[in-house]
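Encoded as structure tokens, the structure appears first; notes follow it.
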Amino acid sequence: MRVLAGCLLAVAAVGCAADDDRSATAAPATAAMTDVPCEPYGVGTGDVTPRDISIGPLTLIGGRNSASRRRNAFGGHGYKIPATLLAGKQATLSVPPRWRGKVGLIYTQADQRRAWERGVRGAPRAVRFTACASSEPGARSGWPGGIVVDRPRCATLVVRVAGELDEFRARVPLGRRCPRRS
């Protein structure tokens with residue numbers, strides 16, 4: 001059984017916004033990039049399963065399961081798909097230019113509020129994750145959140161790891177299966 005220590009409560013809380021949180025009023029209309037540090041969610045651990053989508057060291061928890069689901073998160077605009085990253089890494093998850101305006105990333109409360117109101121137009125196109133350091137082998141940091149779309153689709157996402165030249169790409173089923181490539 002997967003255990004995401006320190007992340008389980010945060011995953012459950014991503015759907016809840018504090019009424020007294022005034023940070024949303026100071027936030028820009030749409031952020032091109034959002035930074036999410038290891039705090040306050042802390043270190044998470046868990047094995048990557050066949051339901052998950054790994055894009056380099058970043059994993060989208062349950063990402064493969066979204067193909068048959070309806071958009072029921074973030075005001076009916078998307079899917080809850082938490083992310084984990086190997087300890088000590090920094091990686092940026094982004095939407096390639098072809099998918100901008102069609103796919104957005106939600107990993108903060110402020111981004112969630114904007115997506116709730118504006119759909120994909122309110123979501124950032126990139127999120128930079130910074131994982132906590134850990135001496136535990138295979139440790140991961142975890143964040144609640146997900147992906148919003150203009151309609152069900154199979155979309156490509158890109159991960160770039162800080163300090164590395166290569167990028168990683170993966171197709172993610174968002175309410176629609178991704179066709180197999182030959």
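Residue names in the structure tokens use chain letters A, B, ... in the order shown, residue numbers from 1 in each chain, and ligand numbers from 1 in the order shown.
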request  = List the neighbours of A:Val48 out to 8 Å using only C-alpha atoms; skip same-chain residues closer than 6 positions along the sequence, and give me the result as a list in words.
outcome  =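 Neighbouring residues, sequence-local ones excluded: Ser54, Thr59 and Ile61 of chain A.
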Contacts between stretch 169-179 of chain A and stretch 142-162 of chain A, please, where a residue of stretch 142-162 of chain A counts if it comes within 9 Å (with only C-alpha atoms); show its shortest atom pair and distance in Å to one decimal, rows by chain and ascending number, as CSV.
```
residue,atom,partner,partner_atom,distance
A:Ile147,CA,A:Leu174,CA,8.2
A:Val148,CA,A:Leu174,CA,8.5
A:Val149,CA,A:Leu174,CA,7.6
A:Arg151,CA,A:Gly175,CA,8.0
A:Pro152,CA,A:Gly175,CA,4.5
A:Arg153,CA,A:Arg176,CA,5.0
A:Cys154,CA,A:Pro173,CA,4.5
A:Ala155,CA,A:Val172,CA,5.4
A:Thr156,CA,A:Arg171,CA,4.2
A:Leu157,CA,A:Ala170,CA,5.6
A:Val158,CA,A:Arg169,CA,4.6
A:Val159,CA,A:Arg169,CA,6.4
```
request  = Could you tell me which of A:Lys102, A:Arg160, A:Arg70, A:Lys80 comes closest to A:Pro124 if we count only C-alpha atoms?
outcome  =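 With only C-alpha atoms as the atom set, the closest residue is A:Lys102.
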query = DSSP on the backbone: what in stretch 60-91 of chain A comes out strand (DSSP E or B), as a list of chain:residue names?
reply =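 Taking stretch 60-91 of chain A and keeping strand (DSSP E or B) only, one gets A:Leu60, A:Ala73, A:Gly78, A:Tyr79, A:Lys80, A:Ala83, A:Thr84, A:Leu85, A:Leu86, A:Gln90, A:Ala91.
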Name all residues at most 7 Å from stretch 128-133 of chain A (count only C-alpha atoms; drop same-chain ones fewer than 5 positions away) and give them as a PDB file with N, CA and C atoms, in the first residue's frame.
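Saved file result-v8.pdb follows:
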```
ATOM      1  N   THR A  34       4.610  28.473 -11.579  1.00  0.00           N
ATOM      2  CA  THR A  34       4.409  28.444 -10.143  1.00  0.00           C
ATOM      3  C   THR A  34       5.547  27.657  -9.527  1.00  0.00           C
ATOM      4  N   ASP A  35       6.066  28.122  -8.402  1.00  0.00           N
ATOM      5  CA  ASP A  35       7.086  27.390  -7.641  1.00  0.00           C
ATOM      6  C   ASP A  35       6.421  26.722  -6.453  1.00  0.00           C
ATOM      7  N   VAL A  36       6.723  25.433  -6.245  1.00  0.00           N
ATOM      8  CA  VAL A  36       6.229  24.737  -5.054  1.00  0.00           C
ATOM      9  C   VAL A  36       7.417  24.081  -4.349  1.00  0.00           C
ATOM     10  N   PRO A  37       7.762  24.591  -3.171  1.00  0.00           N
ATOM     11  CA  PRO A  37       8.884  24.035  -2.419  1.00  0.00           C
ATOM     12  C   PRO A  37       8.474  22.761  -1.695  1.00  0.00           C
ATOM     13  N   CYS A  38       9.411  22.128  -1.014  1.00  0.00           N
ATOM     14  CA  CYS A  38       9.075  20.898  -0.287  1.00  0.00           C
ATOM     15  C   CYS A  38       8.170  21.198   0.887  1.00  0.00           C
ATOM     16  N   GLY A  42       6.270  18.347   2.915  1.00  0.00           N
ATOM     17  CA  GLY A  42       7.293  17.484   3.484  1.00  0.00           C
ATOM     18  C   GLY A  42       7.666  16.311   2.610  1.00  0.00           C
ATOM     19  N   VAL A  43       8.317  15.362   3.229  1.00  0.00           N
ATOM     20  CA  VAL A  43       8.835  14.195   2.526  1.00  0.00           C
ATOM     21  C   VAL A  43       7.734  13.148   2.407  1.00  0.00           C
ATOM     22  N   LEU A  85       8.274  13.698  -6.384  1.00  0.00           N
ATOM     23  CA  LEU A  85       9.581  13.907  -7.000  1.00  0.00           C
ATOM     24  C   LEU A  85      10.627  13.281  -6.100  1.00  0.00           C
ATOM     25  N   LEU A  86      11.612  12.628  -6.722  1.00  0.00           N
ATOM     26  CA  LEU A  86      12.695  12.025  -5.946  1.00  0.00           C
ATOM     27  C   LEU A  86      13.367  13.063  -5.062  1.00  0.00           C
ATOM     28  N   ALA A  87      13.717  12.642  -3.854  1.00  0.00           N
ATOM     29  CA  ALA A  87      14.331  13.526  -2.861  1.00  0.00           C
ATOM     30  C   ALA A  87      15.559  14.228  -3.419  1.00  0.00           C
ATOM     31  N   GLY A  88      15.691  15.506  -3.063  1.00  0.00           N
ATOM     32  CA  GLY A  88      16.863  16.287  -3.447  1.00  0.00           C
ATOM     33  C   GLY A  88      16.857  16.816  -4.868  1.00  0.00           C
ATOM     34  N   LYS A  89      15.810  16.559  -5.644  1.00  0.00           N
ATOM     35  CA  LYS A  89      15.744  17.004  -7.045  1.00  0.00           C
ATOM     36  C   LYS A  89      14.899  18.270  -7.166  1.00  0.00           C
ATOM     37  N   GLN A  90      15.155  19.008  -8.223  1.00  0.00           N
ATOM     38  CA  GLN A  90      14.296  20.105  -8.619  1.00  0.00           C
ATOM     39  C   GLN A  90      13.933  19.863 -10.079  1.00  0.00           C
ATOM     40  N   ALA A  91      12.642  19.882 -10.371  1.00  0.00           N
ATOM     41  CA  ALA A  91      12.191  19.607 -11.734  1.00  0.00           C
ATOM     42  C   ALA A  91      11.024  20.516 -12.078  1.00  0.00           C
ATOM     43  N   THR A  92      10.945  20.879 -13.355  1.00  0.00           N
ATOM     44  CA  THR A  92       9.855  21.709 -13.851  1.00  0.00           C
ATOM     45  C   THR A  92       8.974  20.886 -14.771  1.00  0.00           C
ATOM     46  N   LEU A  93       7.705  20.801 -14.410  1.00  0.00           N
ATOM     47  CA  LEU A  93       6.684  20.162 -15.235  1.00  0.00           C
ATOM     48  C   LEU A  93       6.050  21.270 -16.062  1.00  0.00           C
ATOM     49  N   SER A 141       9.278  13.570  -2.329  1.00  0.00           N
ATOM     50  CA  SER A 141       8.411  14.619  -1.802  1.00  0.00           C
ATOM     51  C   SER A 141       7.124  14.565  -2.601  1.00  0.00           C
TER      52      SER A 141
END
```
query = Interatomic distance between atom CA of A:Ile53 and atom CA of A:Ser66?
reply =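 Going from atom CA of A:Ile53 over to atom CA of A:Ser66, I get 10.9 Å.
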ask   = For A:Pro50, which of A:Ser68, A:Phe74, A:Glu117, A:Gly63 is the closest residue, counting only C-alpha atoms?
value =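 Among the listed residues, A:Gly63 lies closest to A:Pro50.
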ask   = Which value, in Å to one decimal, gives the distance between atom CA of A:Arg113 and atom CA of A:Ala162?
value =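 Separating atom CA of A:Arg113 from atom CA of A:Ala162 is a distance of 28.3 Å.
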request  = Can you check which residues of stretch 97-176 of chain A DSSP gives as alpha helix (DSSP H) on the backbone and send them as a PyMOL selection string?
outcome  = chain A and resi 109-118
ask   = What is the distance between atom CA of A:Tyr107 and atom CA of A:His77, in Å to one decimal?
value =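 Atom-to-atom, atom CA of A:Tyr107 to atom CA of A:His77, that is 14.2 Å.
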key: Nearest residue to A:Thr49 from the set A:Arg181, A:Arg69, A:Arg140, A:Arg64 (distances using only C-alpha atoms)   =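 Using only C-alpha atoms, A:Thr49 sits closest to A:Arg64.
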I want to know what sits within 8 Å of A:Gly62, based on only C-alpha atoms, with residues of the same chain fewer than 3 positions away left out; could you give that as a PDB file with N, CA and C atoms, in the first residue's frame?
```pdb
ATOM      1  N   ARG A  51      -0.321   2.386 -12.244  1.00  0.00           N
ATOM      2  CA  ARG A  51      -1.352   3.424 -12.411  1.00  0.00           C
ATOM      3  C   ARG A  51      -0.735   4.806 -12.578  1.00  0.00           C
ATOM      4  N   ASP A  52       0.515   4.940 -12.152  1.00  0.00           N
ATOM      5  CA  ASP A  52       1.193   6.228 -12.147  1.00  0.00           C
ATOM      6  C   ASP A  52       1.907   6.472 -13.476  1.00  0.00           C
ATOM      7  N   ILE A  53       2.214   7.739 -13.732  1.00  0.00           N
ATOM      8  CA  ILE A  53       2.977   8.106 -14.920  1.00  0.00           C
ATOM      9  C   ILE A  53       4.259   8.768 -14.450  1.00  0.00           C
ATOM     10  N   ASN A  65      -5.128   6.477 -14.535  1.00  0.00           N
ATOM     11  CA  ASN A  65      -6.533   6.236 -14.205  1.00  0.00           C
ATOM     12  C   ASN A  65      -7.466   7.336 -14.690  1.00  0.00           C
ATOM     13  N   SER A  66      -6.935   8.456 -15.116  1.00  0.00           N
ATOM     14  CA  SER A  66      -7.799   9.571 -15.484  1.00  0.00           C
ATOM     15  C   SER A  66      -8.432   9.414 -16.866  1.00  0.00           C
ATOM     16  N   ILE A  81      -4.501  14.905  -9.691  1.00  0.00           N
ATOM     17  CA  ILE A  81      -3.372  14.028  -9.992  1.00  0.00           C
ATOM     18  C   ILE A  81      -2.173  14.554  -9.199  1.00  0.00           C
ATOM     19  N   PRO A  82      -2.000  14.072  -7.958  1.00  0.00           N
ATOM     20  CA  PRO A  82      -0.858  14.525  -7.153  1.00  0.00           C
ATOM     21  C   PRO A  82       0.461  14.185  -7.838  1.00  0.00           C
TER      22      PRO A  82
END
```
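Among the candidates A:Gly104, A:Gly119, A:Gly56, A:Pro96, the one nearest to A:Thr84 when counting only C-alpha atoms is A:Gly56.
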request  = Counting only C-alpha atoms, figure out which residue out of A:Val120, A:Ala83, A:Met33, A:Ala139 gets nearest to A:Trp99.
outcome  =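 Closest to A:Trp99, using only C-alpha atoms: A:Val120.
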